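For reference, model.cif is printed below; it contains mmCIF, C-alpha atoms.
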data_target
#
loop_
_atom_site.label_atom_id
_atom_site.label_comp_id
_atom_site.auth_asym_id
_atom_site.auth_seq_id
_atom_site.Cartn_x
_atom_site.Cartn_y
_atom_site.Cartn_z
CA MET A 188 -98.36 55.27 -107.43
CA ASN A 189 -97.83 52.58 -104.78
CA ILE A 190 -98.19 48.92 -105.79
CA LEU A 191 -97.84 47.17 -102.45
CA THR A 192 -98.62 43.57 -103.44
CA PRO A 193 -98.29 41.61 -106.70
CA PRO A 194 -100.80 42.90 -109.30
CA MET A 195 -103.69 40.57 -110.16
CA GLY A 196 -105.96 40.44 -113.18
CA TRP A 197 -106.59 38.94 -116.60
CA ASN A 198 -104.82 39.34 -119.95
CA SER A 199 -106.20 38.43 -123.37
CA TRP A 200 -103.04 37.06 -125.03
CA ASN A 201 -102.60 33.48 -123.84
CA THR A 202 -106.00 32.28 -125.01
CA PHE A 203 -107.14 34.75 -127.65
CA GLY A 204 -104.06 36.26 -129.33
CA SER A 205 -105.30 38.47 -132.16
CA ASN A 206 -108.91 37.26 -131.78
CA ILE A 207 -109.96 40.07 -129.46
CA SER A 208 -112.97 42.36 -129.50
CA ASP A 209 -115.00 44.84 -127.51
CA GLU A 210 -117.56 42.16 -126.63
CA LEU A 211 -114.86 39.72 -125.46
CA ILE A 212 -113.54 42.27 -122.99
CA ARG A 213 -117.01 43.26 -121.77
CA SER A 214 -118.20 39.68 -121.34
CA THR A 215 -114.97 38.74 -119.56
CA ALA A 216 -115.38 41.68 -117.19
CA ARG A 217 -118.99 40.73 -116.47
CA THR A 218 -118.04 37.11 -115.77
CA MET A 219 -115.19 38.11 -113.48
CA LYS A 220 -117.53 40.40 -111.57
CA GLU A 221 -120.32 37.82 -111.29
CA LYS A 222 -118.07 34.90 -110.28
CA GLY A 223 -116.10 36.67 -107.57
CA TYR A 224 -112.80 37.35 -109.33
CA LEU A 225 -112.91 41.07 -108.64
CA GLU A 226 -113.78 40.47 -105.00
CA ALA A 227 -110.80 38.09 -104.75
CA GLY A 228 -108.43 40.80 -106.02
CA TYR A 229 -108.25 40.26 -109.80
CA ASN A 230 -108.85 43.90 -110.63
CA TYR A 231 -106.94 44.51 -113.90
CA ILE A 232 -108.45 43.56 -117.27
CA VAL A 233 -105.77 43.91 -119.95
CA ILE A 234 -106.00 43.93 -123.76
CA ASP A 235 -102.78 42.61 -125.27
CA ASP A 236 -101.39 43.01 -128.83
CA CYS A 237 -103.42 43.38 -132.06
CA TRP A 238 -105.93 45.99 -130.89
CA SER A 239 -105.03 48.84 -133.28
CA LEU A 240 -105.06 49.62 -136.98
CA ARG A 241 -101.84 48.96 -138.89
CA GLU A 242 -101.03 52.67 -139.23
CA ARG A 243 -101.29 55.78 -137.03
CA ASP A 244 -103.68 58.60 -137.92
CA GLU A 245 -102.72 61.93 -139.50
CA ASN A 246 -101.85 63.30 -136.04
CA GLY A 247 -99.49 60.43 -135.27
CA ARG A 248 -101.88 58.79 -132.80
CA LEU A 249 -102.68 55.11 -132.38
CA VAL A 250 -106.13 54.13 -133.65
CA PRO A 251 -108.21 51.27 -132.23
CA ASP A 252 -109.36 48.84 -134.93
CA PRO A 253 -113.01 49.86 -135.50
CA ALA A 254 -113.94 46.32 -136.57
CA LYS A 255 -112.78 44.94 -133.21
CA PHE A 256 -113.56 47.95 -131.03
CA PRO A 257 -116.38 49.88 -132.70
CA HIS A 258 -117.06 52.08 -129.67
CA GLY A 259 -113.43 53.07 -129.15
CA MET A 260 -111.22 52.53 -126.13
CA LYS A 261 -112.57 55.32 -123.94
CA ASP A 262 -116.06 53.82 -124.04
CA LEU A 263 -114.70 50.35 -123.27
CA ALA A 264 -112.54 51.67 -120.44
CA ASP A 265 -115.56 53.44 -118.97
CA TYR A 266 -117.53 50.19 -119.04
CA VAL A 267 -114.71 48.22 -117.37
CA HIS A 268 -114.40 50.95 -114.74
CA SER A 269 -118.17 50.92 -114.14
CA LEU A 270 -117.88 47.29 -112.98
CA GLY A 271 -115.10 48.18 -110.56
CA PHE A 272 -112.12 46.96 -112.60
CA ARG A 273 -109.04 48.77 -113.86
CA PHE A 274 -108.36 48.85 -117.59
CA GLY A 275 -105.10 47.77 -119.20
CA MET A 276 -103.61 47.95 -122.68
CA TYR A 277 -100.49 46.96 -124.59
CA SER A 278 -97.70 48.63 -126.51
CA CYS A 279 -94.07 47.93 -127.24
CA ALA A 280 -90.67 49.62 -126.97
CA GLY A 281 -89.83 48.73 -130.59
CA VAL A 282 -90.92 50.28 -133.87
CA ARG A 283 -93.60 47.59 -134.30
CA THR A 284 -95.32 45.34 -131.80
CA CYS A 285 -94.64 41.61 -131.74
CA ALA A 286 -97.58 41.10 -134.12
CA GLY A 287 -96.48 43.92 -136.41
CA TYR A 288 -98.74 46.77 -135.31
CA PRO A 289 -97.62 50.38 -134.68
CA SER A 290 -95.53 50.65 -131.55
CA SER A 291 -94.21 53.36 -129.24
CA PHE A 292 -90.54 53.82 -130.20
CA ASP A 293 -90.10 57.61 -130.57
CA HIS A 294 -93.84 58.01 -129.78
CA GLU A 295 -93.65 57.44 -126.04
CA PHE A 296 -95.09 60.74 -124.82
CA VAL A 297 -97.93 61.02 -127.33
CA ASP A 298 -98.89 57.38 -126.73
CA ALA A 299 -98.82 57.77 -122.95
CA LYS A 300 -101.02 60.85 -123.25
CA THR A 301 -103.41 58.94 -125.52
CA PHE A 302 -103.62 56.05 -123.08
CA ALA A 303 -104.31 58.46 -120.23
CA GLU A 304 -107.09 60.16 -122.19
CA TRP A 305 -108.70 56.77 -122.83
CA GLY A 306 -108.66 55.92 -119.10
CA VAL A 307 -105.93 53.28 -119.17
CA ASP A 308 -104.69 52.13 -115.75
CA TYR A 309 -102.07 49.53 -116.78
CA LEU A 310 -99.61 49.36 -119.67
CA LYS A 311 -97.89 46.15 -120.71
CA TYR A 312 -94.79 47.32 -122.60
CA ASP A 313 -93.16 44.66 -124.80
CA PHE A 314 -89.74 44.52 -126.52
CA CYS A 315 -90.18 43.27 -130.09
CA ASN A 316 -88.69 44.90 -133.20
CA PHE A 317 -86.36 47.03 -131.12
CA PRO A 318 -83.67 48.88 -133.13
CA ALA A 319 -80.19 47.41 -132.71
CA SER A 320 -78.75 50.91 -132.42
CA ALA A 321 -81.07 51.93 -129.56
CA ASP A 322 -80.59 51.54 -125.82
CA GLY A 323 -83.21 49.36 -124.11
CA LYS A 324 -82.78 50.79 -120.61
CA ASN A 325 -83.15 54.33 -121.93
CA ARG A 326 -86.35 53.50 -123.80
CA TYR A 327 -87.95 51.90 -120.77
CA ALA A 328 -86.90 54.97 -118.78
CA THR A 329 -88.49 57.16 -121.48
CA MET A 330 -91.84 55.39 -121.32
CA SER A 331 -91.73 55.46 -117.54
CA MET A 332 -91.35 59.25 -117.64
CA ALA A 333 -94.01 59.56 -120.35
CA LEU A 334 -96.51 57.72 -118.19
CA LYS A 335 -95.68 59.92 -115.21
CA ALA A 336 -96.18 63.03 -117.39
CA SER A 337 -99.50 61.76 -118.78
CA GLY A 338 -101.59 63.09 -115.92
CA ARG A 339 -102.91 59.67 -114.91
CA ASP A 340 -101.63 56.93 -112.59
CA ILE A 341 -100.77 54.03 -114.92
CA LEU A 342 -99.13 50.82 -113.74
CA PHE A 343 -96.00 50.26 -115.85
CA ALA A 344 -95.61 46.56 -116.67
CA ALA A 345 -92.25 46.39 -118.42
CA CYS A 346 -91.85 43.28 -120.56
CA ASN A 347 -88.33 42.86 -121.94
CA TRP A 348 -88.18 39.08 -121.35
CA GLY A 349 -85.21 39.26 -118.96
CA SER A 350 -82.90 41.03 -121.42
CA GLY A 351 -80.05 42.68 -119.53
CA GLU A 352 -81.15 41.22 -116.17
CA PRO A 353 -83.99 43.68 -115.48
CA TRP A 354 -84.32 42.52 -111.86
CA LYS A 355 -81.19 44.61 -111.26
CA TRP A 356 -82.45 47.89 -112.73
CA MET A 357 -86.14 48.05 -113.69
CA LYS A 358 -87.23 49.28 -110.27
CA SER A 359 -84.81 52.19 -110.52
CA LEU A 360 -86.51 53.28 -113.77
CA GLY A 361 -89.96 53.42 -112.19
CA ALA A 362 -91.44 50.14 -113.49
CA HIS A 363 -94.01 48.46 -111.25
CA MET A 364 -93.38 44.95 -112.60
CA TYR A 365 -90.99 43.47 -115.14
CA ARG A 366 -91.03 40.33 -117.25
CA SER A 367 -87.95 38.32 -116.45
CA THR A 368 -88.41 35.36 -118.80
CA GLY A 369 -89.49 34.37 -122.28
CA ASP A 370 -93.11 33.60 -123.12
CA ILE A 371 -94.99 30.86 -121.33
CA ALA A 372 -96.65 27.94 -123.13
CA ASP A 373 -99.45 25.76 -121.83
CA ASN A 374 -97.32 22.81 -120.78
CA PHE A 375 -95.47 21.62 -117.68
CA LYS A 376 -91.95 21.99 -119.08
CA SER A 377 -92.56 25.62 -119.98
CA PHE A 378 -94.10 26.90 -116.75
CA SER A 379 -91.88 24.88 -114.42
CA GLY A 380 -88.73 25.97 -116.24
CA ILE A 381 -89.82 29.61 -116.15
CA ALA A 382 -90.56 29.55 -112.42
CA ARG A 383 -87.40 27.68 -111.45
CA SER A 384 -85.21 30.02 -113.53
CA GLN A 385 -86.21 32.99 -111.36
CA ILE A 386 -86.20 31.56 -107.84
CA ASP A 387 -82.88 33.18 -106.95
CA ASN A 388 -83.98 36.58 -108.30
CA PHE A 389 -87.16 37.02 -106.27
CA CYS A 390 -85.04 38.53 -103.48
CA MET A 391 -85.06 41.63 -105.74
CA SER A 392 -88.84 41.61 -106.12
CA GLY A 393 -91.19 43.37 -103.74
CA HIS A 394 -93.19 46.48 -102.94
CA ASP A 395 -93.68 48.72 -106.02
CA CYS A 396 -91.74 46.49 -108.45
CA PHE A 397 -92.50 42.79 -108.91
CA ASN A 398 -90.78 40.04 -110.87
CA ASP A 399 -93.28 38.96 -113.55
CA ILE A 400 -92.85 35.37 -114.79
CA ASP A 401 -95.66 35.76 -117.37
CA MET A 402 -99.40 35.25 -117.46
CA LEU A 403 -100.85 32.03 -116.09
CA THR A 404 -102.19 29.30 -118.36
CA VAL A 405 -104.46 27.75 -115.70
CA GLY A 406 -107.65 26.43 -117.29
CA MET A 407 -106.51 26.42 -120.93
CA TYR A 408 -106.18 22.62 -121.31
CA GLY A 409 -104.44 22.91 -124.66
CA ASN A 410 -106.82 25.45 -126.17
CA GLY A 411 -105.71 28.90 -127.23
CA ASN A 412 -102.88 31.04 -128.48
CA VAL A 413 -100.04 29.55 -126.39
CA ALA A 414 -101.25 25.95 -126.44
CA PHE A 415 -97.99 24.27 -127.45
CA GLY A 416 -96.86 20.81 -126.40
CA GLN A 417 -98.63 18.47 -124.00
CA ALA A 418 -101.50 20.30 -122.30
CA CYS A 419 -101.39 20.60 -118.52
CA THR A 420 -103.32 18.35 -116.15
CA ASP A 421 -105.25 19.53 -113.08
CA GLU A 422 -102.26 18.49 -110.93
CA GLU A 423 -99.91 20.57 -113.06
CA TYR A 424 -102.20 23.61 -113.04
CA GLN A 425 -102.27 23.41 -109.25
CA THR A 426 -98.47 23.33 -109.24
CA GLN A 427 -98.29 26.30 -111.60
CA PHE A 428 -100.60 28.44 -109.51
CA ALA A 429 -98.90 27.42 -106.26
CA LEU A 430 -95.48 28.32 -107.65
CA TRP A 431 -96.66 31.80 -108.67
CA CYS A 432 -98.23 32.28 -105.22
CA MET A 433 -95.22 31.07 -103.23
CA LEU A 434 -92.82 33.18 -105.31
CA GLY A 435 -94.96 36.30 -104.98
CA ALA A 436 -95.31 36.81 -108.73
CA PRO A 437 -98.10 38.86 -110.34
CA LEU A 438 -101.22 36.76 -110.94
CA MET A 439 -102.46 37.61 -114.41
CA LEU A 440 -104.91 34.95 -115.58
CA GLY A 441 -104.61 33.91 -119.21
CA GLY A 442 -107.39 31.34 -119.59
CA ASP A 443 -110.94 32.04 -120.73
CA VAL A 444 -112.55 32.76 -117.36
CA ARG A 445 -116.00 32.53 -118.96
CA LYS A 446 -115.39 28.80 -119.48
CA MET A 447 -113.23 28.01 -116.45
CA ASN A 448 -114.12 24.61 -115.01
CA ASP A 449 -114.92 24.12 -111.33
CA PHE A 450 -111.45 22.83 -110.44
CA CYS A 451 -109.59 25.78 -111.93
CA HIS A 452 -112.19 28.27 -110.72
CA ALA A 453 -111.73 27.04 -107.14
CA LEU A 454 -107.95 26.95 -107.55
CA VAL A 455 -107.46 30.55 -108.66
CA LEU A 456 -109.91 31.77 -106.01
CA ASN A 457 -108.41 29.72 -103.18
CA ARG A 458 -108.22 32.19 -100.30
CA ASN A 459 -105.17 30.68 -98.64
CA LEU A 460 -103.10 30.60 -101.83
CA LEU A 461 -104.10 34.17 -102.65
CA ARG A 462 -103.28 35.22 -99.09
CA ILE A 463 -99.78 33.76 -99.51
CA ASN A 464 -99.29 35.66 -102.77
CA GLN A 465 -100.74 38.91 -101.44
CA ASP A 466 -99.05 38.86 -98.04
CA SER A 467 -98.22 42.39 -96.96
CA GLU A 468 -94.55 41.65 -96.24
CA CYS A 469 -93.89 40.47 -99.82
CA ARG A 470 -90.98 38.26 -98.78
CA PRO A 471 -89.44 35.78 -101.23
CA PRO A 472 -89.36 32.11 -100.23
CA TYR A 473 -86.28 30.52 -98.73
CA ILE A 474 -85.16 27.24 -100.32
CA ALA A 475 -85.12 24.68 -97.52
CA TYR A 476 -84.57 21.65 -99.76
CA LYS A 477 -83.39 21.22 -103.32
CA GLY A 478 -82.51 17.71 -104.30
CA ARG A 479 -83.50 14.36 -105.65
CA VAL A 480 -86.83 12.58 -105.75
CA ILE A 481 -86.80 8.80 -105.45
CA TYR A 482 -89.58 6.68 -106.90
CA ASN A 483 -89.91 3.14 -105.53
CA GLY A 484 -93.26 2.10 -106.95
CA PRO A 485 -94.01 -1.38 -108.25
CA ASP A 486 -92.97 -0.49 -111.81
CA ALA A 487 -89.67 1.16 -110.82
CA ALA A 488 -86.68 -0.13 -112.75
CA GLY A 489 -84.46 -2.14 -110.38
CA GLY A 490 -86.77 -1.40 -107.47
CA TRP A 491 -86.27 2.38 -107.41
CA GLU A 492 -85.60 5.29 -109.73
CA GLU A 493 -83.75 8.49 -108.84
CA TYR A 494 -84.57 11.89 -110.36
CA PRO A 495 -81.84 14.41 -109.46
CA ASP A 496 -82.73 18.05 -108.72
CA THR A 497 -86.48 17.50 -108.99
CA GLY A 498 -87.53 17.99 -105.36
CA LEU A 499 -87.96 21.50 -104.01
CA THR A 500 -89.18 22.78 -100.65
CA MET A 501 -89.82 26.52 -100.19
CA PHE A 502 -90.26 28.17 -96.80
CA LYS A 503 -91.89 31.59 -96.89
CA HIS A 504 -92.20 34.08 -94.02
CA LEU A 505 -95.64 35.70 -93.91
CA SER A 506 -97.00 38.49 -91.75
CA ASP A 507 -98.25 37.89 -88.18
CA ASN A 508 -95.69 35.13 -87.48
CA GLU A 509 -97.20 32.77 -90.03
CA PHE A 510 -95.31 30.76 -92.63
CA ALA A 511 -96.01 28.94 -95.88
CA ILE A 512 -94.21 25.74 -96.90
CA GLY A 513 -94.33 24.62 -100.51
CA TYR A 514 -93.35 21.06 -101.51
CA PHE A 515 -92.82 20.60 -105.26
CA ASN A 516 -92.04 17.46 -107.24
CA PHE A 517 -90.83 18.18 -110.79
CA ALA A 518 -90.16 14.48 -111.48
CA PRO A 519 -92.40 12.39 -113.77
CA LYS A 520 -93.03 9.93 -110.92
CA PRO A 521 -94.31 10.38 -107.34
CA GLY A 522 -91.72 10.55 -104.59
CA GLU A 523 -90.74 11.99 -101.23
CA VAL A 524 -89.84 15.68 -100.92
CA LEU A 525 -87.96 16.60 -97.75
CA PHE A 526 -88.24 19.34 -95.17
CA THR A 527 -86.00 19.36 -92.13
CA PHE A 528 -87.07 22.16 -89.78
CA ALA A 529 -83.46 23.03 -88.89
CA ASP A 530 -82.99 24.09 -92.50
CA ALA A 531 -85.53 26.87 -91.86
CA GLY A 532 -84.00 27.93 -88.54
CA ILE A 533 -86.02 25.64 -86.23
CA PRO A 534 -83.67 22.95 -84.82
CA TYR A 535 -85.12 20.23 -82.61
CA GLY A 536 -83.39 21.68 -79.55
CA SER A 537 -85.37 24.93 -79.92
CA ASN A 538 -88.37 23.16 -78.33
CA VAL A 539 -90.52 24.77 -80.99
CA ALA A 540 -92.97 22.85 -83.16
CA LEU A 541 -94.96 23.87 -86.20
CA GLU A 542 -98.74 23.67 -86.23
CA LEU A 543 -99.55 22.75 -89.84
CA THR A 544 -102.63 23.20 -92.01
CA ASP A 545 -103.04 22.20 -95.65
CA ALA A 546 -103.51 25.53 -97.44
CA ILE A 547 -105.58 24.09 -100.29
CA THR A 548 -107.92 21.73 -98.44
CA GLY A 549 -107.93 23.37 -95.00
CA GLU A 550 -107.11 20.02 -93.33
CA SER A 551 -105.33 20.24 -89.97
CA LEU A 552 -102.03 18.32 -90.01
CA GLY A 553 -101.31 18.74 -86.29
CA LEU A 554 -98.10 19.65 -84.48
CA GLN A 555 -94.86 18.52 -86.10
CA ARG A 556 -91.25 18.67 -84.88
CA ASP A 557 -87.83 18.19 -86.43
CA TYR A 558 -88.96 17.27 -89.96
CA TYR A 559 -92.04 16.78 -92.09
CA ASN A 560 -91.48 14.97 -95.36
CA LEU A 561 -94.25 14.33 -97.86
CA VAL A 562 -94.79 12.01 -100.81
CA ILE A 563 -95.77 14.32 -103.66
CA PRO A 564 -97.44 13.19 -106.91
CA ALA A 565 -95.59 13.50 -110.20
CA HIS A 566 -95.48 17.17 -111.26
CA GLY A 567 -97.47 17.94 -108.11
CA CYS A 568 -97.22 20.01 -104.95
CA ARG A 569 -98.49 20.51 -101.40
CA ILE A 570 -98.79 23.93 -99.81
CA ILE A 571 -98.83 24.07 -96.01
CA LEU A 572 -99.53 26.97 -93.65
CA ALA A 573 -97.54 26.91 -90.39
CA LYS A 574 -97.49 28.62 -87.01
CA LEU A 575 -94.87 28.40 -84.27
CA VAL A 576 -95.85 26.60 -81.06
CA ASN A 577 -93.66 26.24 -77.95
CA VAL A 578 -93.58 22.64 -76.69
#
Take the structure in the file and write it out as structure tokens.
Amino acid sequence: MNILTPPMGWNSWNTFGSNISDELIRSTARTMKEKGYLEAGYNYIVIDDCWSLRERDENGRLVPDPAKFPHGMKDLADYVHSLGFRFGMYSCAGVRTCAGYPSSFDHEFVDAKTFAEWGVDYLKYDFCNFPASADGKNRYATMSMALKASGRDILFAACNWGSGEPWKWMKSLGAHMYRSTGDIADNFKSFSGIARSQIDNFCMSGHDCFNDIDMLTVGMYGNGNVAFGQACTDEEYQTQFALWCMLGAPLMLGGDVRKMNDFCHALVLNRNLLRINQDSECRPPYIAYKGRVIYNGPDAAGGWEEYPDTGLTMFKHLSDNEFAIGYFNFAPKPGEVLFTFADAGIPYGSNVALELTDAITGESLGLQRDYYNLVIPAHGCRIILAKLVNV
């Protein structure tokens, strides 16, 4: 099974938690089909925790909760497939899932076979309630082999929250993506901290095994299962989505797409941002600037305020000699974020300029040489597409 670009889709957990049902999944699939999400590449629809009964059946098999899923999982998977999507489910490497439902420890092969029979295409595999005496790497290897023996191609989304530095070994076990951080919450501190913690590790992410920094919270606005702390603003959601795209992380939506407002709908379907994320070369960004942001607005204490280590400029090589430049301001005030072209291998003496276009708005920014610094709003970003031009 070849996964050549970061997987894209939707997962039920961030908004709905345990409040899931057959109709929720069907209506979400219909909405994503009707509103262009499938066409844009969001092709996995994933049910997270809390889908089963509290005990296995007499044959040791997992049983979908008939109150939530009265038609069973095979029927639901068939419906999702009929719309053109792939169907995903959840289990866990421990003896119980994070919410306390039956899990796959010592049941890996029977569970993988069950998932295959239901038509599952994607398995999120969590790490709660894992026995202290067991070996985590071995159990992820076991589920990887169980999925391969199931008779069906199933994307293996390993989710051990970064335990044991999985970026160093998950690919060797056959995983197609791996969670490298703790759970996201719908606030700026959470998502920005998660993304920044993994910047140095995306050099080990790429074709067939991608660093997963958790499902997106774009469009939640403080509503739902992970709505903790100060809800994100439009500016912050744009920064979140741009970070995931520039880093090349999987794009698993976590908001209620049936209620997504126009801003967030346009954001997650932005063709240029998606093109950056899905670029065929899957290269990580290079950090061209990491330093302070200075605010000198009229209310600045003493005339200016300095925020150390809050400015970040990423330079990302794309296919066909194109580049993406991401300016990020993690400070609580607007300020200048720097980009000197020499720091990306384009000194002034090269007689090469960059032809720049705003990736989000499509605005032409003309030819620029030597440097191109931008004032970025608080918690905001700018994403620029660039091409080399001899001058």
Query raised in the report: Which residues, written as a ChimeraX atom specification, have at least one atom at most 7 Å from Cys346 of chain A, with all atoms listed in the file counted and residues fewer than 3 positions away on the same chain left out?
Result: /A:311-314,365-366
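Among A:Asn206, A:Asn560, A:Asn457, A:Asn577, the residue with the shortest atom-to-atom distance to Thr548 of chain A, counting all atoms listed in the file, is A:Asn457.
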Query raised in the report: Which polymer residues have any atom within 10 Å of an atom of Ile571 of chain A, counting all atoms listed in the file, with same-chain residues fewer than 4 positions away left out, as a list in words?
Result: Asn459, Leu460, Phe502, Phe510, Ala511, Ile512, Gly513, Tyr514, Glu542, Leu543, Thr544, Asp545, Ala546, Ile547, Thr548, Gly549, Glu550, Ser551 and Leu552 of chain A
Query raised in the report: Care to translate the PyMOL selection byres ((chain A and resi 467-473) around 7) into actual residues of this file, as a VMD selection string?
Result: chain A and resid 192 389 to 390 393 to 394 433 to 435 465 to 466 474 to 475 501 to 506
Query raised in the report: Which distance in Å separates atom CA of Gly532 of chain A and atom CA of Arg556 of chain A, to one decimal?
Result: 12.3 Å
Query raised in the report: Which is closest to Pro289 of chain A among A:Cys237, A:Val480, A:Ala333, A:Leu342, if we use all atoms listed in the file?
Result: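 Smallest separation from Pro289 of chain A among the options: A:Cys237.
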Query - Selection result for the PyMOL selection byres ((chain A and resi 421-431) around 9) on this file, as a PyMOL selection string - result: chain A and resi 374-375+378-379+382-383+400+403-406+408+419-420+432-438+450-451+454-455+460+464+513+515-516+564-570
Requested in this report: Give me the residues within 9 Å of Gly369 of chain A as a list of chain:residue names, counting all atoms listed in the file and dropping any in the same chain fewer than 4 places off.
Outcome: A:Asn347, A:Trp348, A:Gly349, A:Ile381, A:Ile400, A:Asp401
Edge lengths and centre in Å, axis-aligned, segment 558-563 of chain A plus 3 Å each side, as AutoDock Vina command-line options:
--center_x -92.4 --center_y 14.6 --center_z -96.8 --size_x 12.8 --size_y 11.3 --size_z 19.7
Report summary line: Computed gap from atom CA of Ala254 of chain A to atom CA of Glu242 of chain A is 14.6 Å
Query raised in the report: Could you state the separation of atom CA of Asp236 of chain A and atom CA of Tyr277 of chain A in Å, given to one decimal place?
Result: 5.9 Å
Requested in this report: With the file shown as input, list the residues that the PyMOL selection byres ((chain A and resi 196) around 8) selects, as a list of chain:residue names.
Outcome: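 Taken over the shown coordinates, the PyMOL selection byres ((chain A and resi 196) around 8) returns A:Pro194, A:Met195, A:Trp197, A:Asn198, A:Gly228, A:Tyr229, A:Asn230, A:Tyr231, A:Ile232, A:Val233, A:Leu438, A:Met439, A:Leu440.
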Query raised in the report: Hey, can you pull every residue with an atom no more than 12 Å from (-97.2, 48.9, -134.3), using all atoms listed in the file, and send it as a VMD selection string?
Result: chain A and resid 236 to 243 247 to 251 277 to 294 298 313 to 317
Contacts of Cys396 of chain A at 7 Å (all atoms listed in the file; same-chain gap of 5+ positions) as an mmCIF file with C-alpha atoms, keeping the file's coordinate frame:
data_model
loop_
_atom_site.group_PDB
_atom_site.id
_atom_site.type_symbol
_atom_site.label_atom_id
_atom_site.label_comp_id
_atom_site.auth_asym_id
_atom_site.auth_seq_id
_atom_site.Cartn_x
_atom_site.Cartn_y
_atom_site.Cartn_z
ATOM 1 C CA LYS A 358 -87.230 49.280 -110.270
ATOM 2 C CA ALA A 362 -91.440 50.140 -113.490
ATOM 3 C CA HIS A 363 -94.010 48.460 -111.250
ATOM 4 C CA MET A 364 -93.380 44.950 -112.600
#
Requested in this report: Measuring atom to atom with all atoms listed in the file, identify which of A:Ile371, A:His268, A:Ala344, A:Phe274 is nearest to Ala414 of chain A.
Outcome: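 Closest candidate: A:Ile371.
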Requested in this report: Just the residues within 7 Å of Asp395 of chain A, please, counting only C-alpha atoms, with nothing from its chain fewer than 6 positions along; format it as a ChimeraX atom specification.
Outcome: /A:189-191,363
Query - Shortest interatomic distance to Asn508 of chain A - which of A:Val524, A:Met276, A:Ala529, A:Val576, counting all atoms listed in the file - result: A:Val576
Model the absent atoms of segment 283-298 of chain A so that N, CA and C atoms are present, and write the result as a PDB file, keeping the file's coordinate frame.
ATOM      1  N   ARG A 283     -92.354  48.327-134.069  1.00  0.00           N
ATOM      2  CA  ARG A 283     -93.600  47.590-134.300  1.00  0.00           C
ATOM      3  C   ARG A 283     -93.800  46.632-133.135  1.00  0.00           C
ATOM      4  N   THR A 284     -95.049  46.310-132.860  1.00  0.00           N
ATOM      5  CA  THR A 284     -95.320  45.340-131.800  1.00  0.00           C
ATOM      6  C   THR A 284     -94.898  43.949-132.264  1.00  0.00           C
ATOM      7  N   CYS A 285     -95.025  42.981-131.388  1.00  0.00           N
ATOM      8  CA  CYS A 285     -94.640  41.610-131.740  1.00  0.00           C
ATOM      9  C   CYS A 285     -95.465  41.066-132.887  1.00  0.00           C
ATOM     10  N   ALA A 286     -96.702  41.534-133.027  1.00  0.00           N
ATOM     11  CA  ALA A 286     -97.580  41.100-134.120  1.00  0.00           C
ATOM     12  C   ALA A 286     -97.540  42.057-135.316  1.00  0.00           C
ATOM     13  N   GLY A 287     -96.668  43.057-135.260  1.00  0.00           N
ATOM     14  CA  GLY A 287     -96.480  43.920-136.410  1.00  0.00           C
ATOM     15  C   GLY A 287     -97.343  45.170-136.469  1.00  0.00           C
ATOM     16  N   TYR A 288     -97.917  45.565-135.351  1.00  0.00           N
ATOM     17  CA  TYR A 288     -98.740  46.770-135.310  1.00  0.00           C
ATOM     18  C   TYR A 288     -97.892  47.970-134.881  1.00  0.00           C
ATOM     19  N   PRO A 289     -98.399  49.201-135.074  1.00  0.00           N
ATOM     20  CA  PRO A 289     -97.620  50.380-134.680  1.00  0.00           C
ATOM     21  C   PRO A 289     -97.251  50.324-133.200  1.00  0.00           C
ATOM     22  N   SER A 290     -96.029  50.742-132.907  1.00  0.00           N
ATOM     23  CA  SER A 290     -95.530  50.650-131.550  1.00  0.00           C
ATOM     24  C   SER A 290     -95.028  52.012-131.090  1.00  0.00           C
ATOM     25  N   SER A 291     -94.431  52.070-129.907  1.00  0.00           N
ATOM     26  CA  SER A 291     -94.210  53.360-129.240  1.00  0.00           C
ATOM     27  C   SER A 291     -92.800  53.903-129.327  1.00  0.00           C
ATOM     28  N   PHE A 292     -91.894  53.279-130.065  1.00  0.00           N
ATOM     29  CA  PHE A 292     -90.540  53.820-130.200  1.00  0.00           C
ATOM     30  C   PHE A 292     -90.608  55.213-130.845  1.00  0.00           C
ATOM     31  N   ASP A 293     -90.068  56.204-130.162  1.00  0.00           N
ATOM     32  CA  ASP A 293     -90.100  57.610-130.570  1.00  0.00           C
ATOM     33  C   ASP A 293     -91.502  58.226-130.532  1.00  0.00           C
ATOM     34  N   HIS A 294     -92.475  57.493-129.962  1.00  0.00           N
ATOM     35  CA  HIS A 294     -93.840  58.010-129.780  1.00  0.00           C
ATOM     36  C   HIS A 294     -94.268  57.903-128.320  1.00  0.00           C
ATOM     37  N   GLU A 295     -93.315  57.765-127.415  1.00  0.00           N
ATOM     38  CA  GLU A 295     -93.650  57.440-126.040  1.00  0.00           C
ATOM     39  C   GLU A 295     -94.596  58.460-125.395  1.00  0.00           C
ATOM     40  N   PHE A 296     -94.301  59.739-125.550  1.00  0.00           N
ATOM     41  CA  PHE A 296     -95.090  60.740-124.820  1.00  0.00           C
ATOM     42  C   PHE A 296     -96.472  60.931-125.417  1.00  0.00           C
ATOM     43  N   VAL A 297     -96.592  60.895-126.735  1.00  0.00           N
ATOM     44  CA  VAL A 297     -97.930  61.020-127.330  1.00  0.00           C
ATOM     45  C   VAL A 297     -98.761  59.776-127.026  1.00  0.00           C
ATOM     46  N   ASP A 298     -98.142  58.602-127.031  1.00  0.00           N
ATOM     47  CA  ASP A 298     -98.890  57.380-126.730  1.00  0.00           C
ATOM     48  C   ASP A 298     -99.328  57.342-125.269  1.00  0.00           C
TER      49      ASP A 298
END
